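So the structure is just underneath, and the comments pick up after that.
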Amino acid sequence: MDNLSYASAFKLTAFDNLGNNKYAYFSVTLTAYTLIVILNISIITIIITERSLHVPMYIILCNLFFSALIGSTSFYIKLMIDLLADNHVVPRFLCFMQIFFIYVYMMAEFTILTLMAYDRYTAIYTPLQYNTIMTSKRLSTLIIFAWVYPVCMMSIAVLLSARLPLCGNQIDKSYCNNWEVVKLSCVDSTANNAYGSAVFGLFIIPVAFIIYSYVKIIIVCWNSPSSHKHKALQTCLPHLITLVLYLSSLLFEITVSRLNLKNVQNSLSTIASLEYLIIPPLLNPVIYGMILPEIRKKKRFRNSIIQPLFR
């Protein structure tokens, strides 16, 4: 027990032995982050400035893109600094801050996707009552909950991890990860494991609701006239693509973090980071912009996103 301590800093070992390749990695990272910022801010700006898009579905989408900016900024700014630095050490406070914001992004993404499923279910399954159900007051309440819930849950998780005395300070990741910190604990971490399992278990409820919502939507679409069917599927398709991208990347990250893969941990961690911190934030605005006609037809979207991509 003599080695127990509250580490003042953590060392990120994923950057070891990069050599001159770090400049190539930095260029790729900078390009990815720049694209993420431009794409997400462009769609947010279009939705805010176009009065015709001030409806629940697009207001919820704004929150999805804003969440992507939070997660991306929390990860990529520190990553780019570390790629060029010789000393890959992150202070304890900054490490837990990064954990908090990245995990808030992960959870907020899911709560917002659940809210999107509820909105589409209400619009398609009960269209006559949609305006009565999705009032401004109810929408505001749901959006506030979609943010407050992740913030509260991750505040508890970070506090539980911060209290642990540690027997080491090396994190086998390119960023601070809560599970990697917990694994360094010299004392019993049952409370952390139980809380993590409980949080993960709670996701079964929204997953079940999302599946139920889209099954009902598909049934309604199947029994509708062709024109209504096409329009309904057109609005739901980007939601389903986003959901699949997010869940697959998140499950991959959780699997890699929980498994003890000594020989390939660094490479898999990097891939996992690219999965849920690049692919959803990068593809979501493109998917919604390309598929949803209300956004695709806007001149601002064509000028700011479509033309630069295919120039």
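Residues in the structure tokens are numbered from 1 in each chain, the chains being A, B, ... in the order shown, and ligands are numbered from 1 in the order shown.
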
Lys78 in chain A surroundings by only C-alpha atoms, 12 Å radius, close-in-sequence under 6 positions cut, as a list in words: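 Close residues of Lys78 in chain A: Leu12, Phe26, Thr29, Leu30, Tyr33, Gly71, Ser72, Leu84, Ala85, His88, Val89, Val90, Pro91, Leu94, Cys95, Met97, Gln98, Ile99, Ile102, Ser174, Tyr175 and Cys176 of chain A.
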
Would you kindly return, as a list in words, each protein, DNA or RNA residue with an atom no farther than 10 Å from any atom of Ala162 in chain A, considering only C-alpha atoms and excluding same-chain residues fewer than 3 positions away? Tyr6, Ala7, Arg92, Phe93, Phe96, Ile156, Ala157, Val158, Leu159, Pro165, Leu166, Asn178, Val181 and Val182 of chain A

Write the selection just made, keeping C-alpha atoms, as a short mmCIF file (atom, residue, chain, number, x, y, z; two decimals), in the first residue's frame?
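Result file result_31.cif:
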data_model
loop_
_atom_site.label_atom_id
_atom_site.label_comp_id
_atom_site.auth_asym_id
_atom_site.auth_seq_id
_atom_site.Cartn_x
_atom_site.Cartn_y
_atom_site.Cartn_z
CA TYR A 6 -3.20 10.52 -6.31
CA ALA A 7 -1.28 10.96 -9.57
CA ARG A 92 -4.75 15.21 -13.58
CA PHE A 93 -7.36 17.99 -13.70
CA PHE A 96 -10.64 14.29 -15.86
CA ILE A 156 -20.86 11.22 -10.71
CA ALA A 157 -18.65 8.93 -12.80
CA VAL A 158 -15.75 11.41 -12.80
CA LEU A 159 -16.07 12.03 -9.05
CA PRO A 165 -5.70 6.30 -5.21
CA LEU A 166 -3.64 4.97 -8.11
CA ASN A 178 -12.39 6.67 -17.58
CA VAL A 181 -8.00 5.39 -15.06
CA VAL A 182 -10.11 3.00 -12.99
#

Would you pick out the contacts of Asn131 in chain A at 10 Å or less, using only C-alpha atoms, so that residues sharing its chain but fewer than 6 positions from it are not included, and give the list as a PyMOL selection string? chain A and resi 56+122-123

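From CA of Phe252 in chain A back to CA of Lys216 in chain A, the distance works out to 28.1 Å.
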
Taking only range 164-193 of chain A into account, list the residues labelled helix (DSSP H, G or I) by DSSP (computed from the backbone), as JSON, numbers by chain. {"A": [178, 179, 180, 181, 182, 183, 190, 191, 192, 193]}

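Distance-wise, CA of Pro280 in chain A and CA of Leu245 in chain A end up 6.3 Å apart.
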
Between CA of Val55 in chain A and CA of Leu113 in chain A, what is the distance, to one decimal in Å? 16.2 Å

If you count only C-alpha atoms, which residues fall within 8 Å of Leu292 in chain A, apart from same-chain ones fewer than 6 positions away, as a list in words?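 Everything that qualifies: Gln234, Thr235 and Pro238 of chain A.
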
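Shortest separation to Asn284 in chain A among A:Ser52, A:Thr45, A:Ser224, A:Thr242 occurs at residue A:Thr242, atoms counted being only C-alpha atoms.
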
Residues within 12 Å of range 204-207 of chain A, only C-alpha atoms, excluding chain neighbours under 6 positions, as a VMD selection string: chain A and resid 107 110 to 118 146 197 to 198 213 to 214 243 to 244 247

Produce a file of the selected residues containing N, CA and C atoms, as a PDB file, in the first residue's frame.
ATOM      1  N   MET A 107     -22.918  10.351 -24.262  1.00  0.00           N
ATOM      2  CA  MET A 107     -24.253  10.145 -23.706  1.00  0.00           C
ATOM      3  C   MET A 107     -25.269  11.100 -24.318  1.00  0.00           C
ATOM      4  N   PHE A 110     -26.598  10.001 -27.582  1.00  0.00           N
ATOM      5  CA  PHE A 110     -27.598   8.940 -27.478  1.00  0.00           C
ATOM      6  C   PHE A 110     -28.944   9.486 -27.023  1.00  0.00           C
ATOM      7  N   THR A 111     -28.952  10.375 -26.034  1.00  0.00           N
ATOM      8  CA  THR A 111     -30.227  10.945 -25.578  1.00  0.00           C
ATOM      9  C   THR A 111     -30.874  11.776 -26.686  1.00  0.00           C
ATOM     10  N   ILE A 112     -30.063  12.459 -27.483  1.00  0.00           N
ATOM     11  CA  ILE A 112     -30.606  13.253 -28.589  1.00  0.00           C
ATOM     12  C   ILE A 112     -31.161  12.338 -29.680  1.00  0.00           C
ATOM     13  N   LEU A 113     -30.478  11.225 -29.953  1.00  0.00           N
ATOM     14  CA  LEU A 113     -30.996  10.262 -30.920  1.00  0.00           C
ATOM     15  C   LEU A 113     -32.323   9.675 -30.449  1.00  0.00           C
ATOM     16  N   THR A 114     -32.448   9.459 -29.146  1.00  0.00           N
ATOM     17  CA  THR A 114     -33.713   8.972 -28.593  1.00  0.00           C
ATOM     18  C   THR A 114     -34.810  10.012 -28.779  1.00  0.00           C
ATOM     19  N   LEU A 115     -34.478  11.260 -28.539  1.00  0.00           N
ATOM     20  CA  LEU A 115     -35.431  12.351 -28.729  1.00  0.00           C
ATOM     21  C   LEU A 115     -35.846  12.467 -30.196  1.00  0.00           C
ATOM     22  N   MET A 116     -34.910  12.251 -31.098  1.00  0.00           N
ATOM     23  CA  MET A 116     -35.223  12.270 -32.527  1.00  0.00           C
ATOM     24  C   MET A 116     -36.185  11.150 -32.891  1.00  0.00           C
ATOM     25  N   ALA A 117     -35.980   9.971 -32.311  1.00  0.00           N
ATOM     26  CA  ALA A 117     -36.879   8.845 -32.569  1.00  0.00           C
ATOM     27  C   ALA A 117     -38.289   9.160 -32.074  1.00  0.00           C
ATOM     28  N   TYR A 118     -38.372   9.785 -30.905  1.00  0.00           N
ATOM     29  CA  TYR A 118     -39.675  10.173 -30.349  1.00  0.00           C
ATOM     30  C   TYR A 118     -40.365  11.190 -31.254  1.00  0.00           C
ATOM     31  N   ALA A 146     -32.187  16.086 -22.158  1.00  0.00           N
ATOM     32  CA  ALA A 146     -31.198  15.387 -22.991  1.00  0.00           C
ATOM     33  C   ALA A 146     -29.778  15.833 -22.683  1.00  0.00           C
ATOM     34  N   SER A 197     -21.747  -0.228 -14.911  1.00  0.00           N
ATOM     35  CA  SER A 197     -22.686  -1.246 -15.396  1.00  0.00           C
ATOM     36  C   SER A 197     -24.122  -0.736 -15.343  1.00  0.00           C
ATOM     37  N   ALA A 198     -24.441   0.018 -14.285  1.00  0.00           N
ATOM     38  CA  ALA A 198     -25.790   0.572 -14.142  1.00  0.00           C
ATOM     39  C   ALA A 198     -26.087   1.583 -15.246  1.00  0.00           C
ATOM     40  N   SER A 213     -40.012   2.490 -31.750  1.00  0.00           N
ATOM     41  CA  SER A 213     -40.464   3.641 -32.535  1.00  0.00           C
ATOM     42  C   SER A 213     -40.296   3.395 -34.025  1.00  0.00           C
ATOM     43  N   TYR A 214     -39.125   2.911 -34.413  1.00  0.00           N
ATOM     44  CA  TYR A 214     -38.872   2.738 -35.838  1.00  0.00           C
ATOM     45  C   TYR A 214     -39.602   1.526 -36.416  1.00  0.00           C
ATOM     46  N   LEU A 243     -27.968   6.463 -36.217  1.00  0.00           N
ATOM     47  CA  LEU A 243     -28.069   5.548 -35.078  1.00  0.00           C
ATOM     48  C   LEU A 243     -27.138   4.357 -35.241  1.00  0.00           C
ATOM     49  N   VAL A 244     -27.108   3.775 -36.439  1.00  0.00           N
ATOM     50  CA  VAL A 244     -26.238   2.620 -36.697  1.00  0.00           C
ATOM     51  C   VAL A 244     -24.772   3.015 -36.571  1.00  0.00           C
ATOM     52  N   LEU A 247     -24.067   3.621 -32.678  1.00  0.00           N
ATOM     53  CA  LEU A 247     -24.071   2.420 -31.842  1.00  0.00           C
ATOM     54  C   LEU A 247     -22.902   1.499 -32.178  1.00  0.00           C
TER      55      LEU A 247
END

Residue nearest Ile171 in chain A - candidates A:Ala14, A:Ile36, A:Leu139, A:Ile46, atoms counted: only C-alpha atoms: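 Among A:Ala14, A:Ile36, A:Leu139, A:Ile46, it is A:Ala14 that comes nearest to Ile171 in chain A.
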
Using only C-alpha atoms, find each residue of range 86-117 of chain A with at least one atom at most 8 Å away from an atom of range 149-155 of chain A; report its shortest atom-to-atom pair and that distance in Å (one decimal), sort the rows by chain and rising residue number, and return the result as a tab-separated table.
residue	atom	partner	partner_atom	distance
A:Phe100	CA	A:Met154	CA	6.1
A:Tyr103	CA	A:Met154	CA	6.7
A:Val104	CA	A:Pro150	CA	5.3
A:Met107	CA	A:Pro150	CA	5.4
A:Ala108	CA	A:Pro150	CA	5.8

Considering only C-alpha atoms, return as a PyMOL selection string whatever protein or nucleic-acid residues lie within 10 Å of Phe65 in chain A, sequence-local ones (same chain, fewer than 5 positions apart) excluded. chain A and resi 36-37+39-44+60+70+109+280-282+284-285
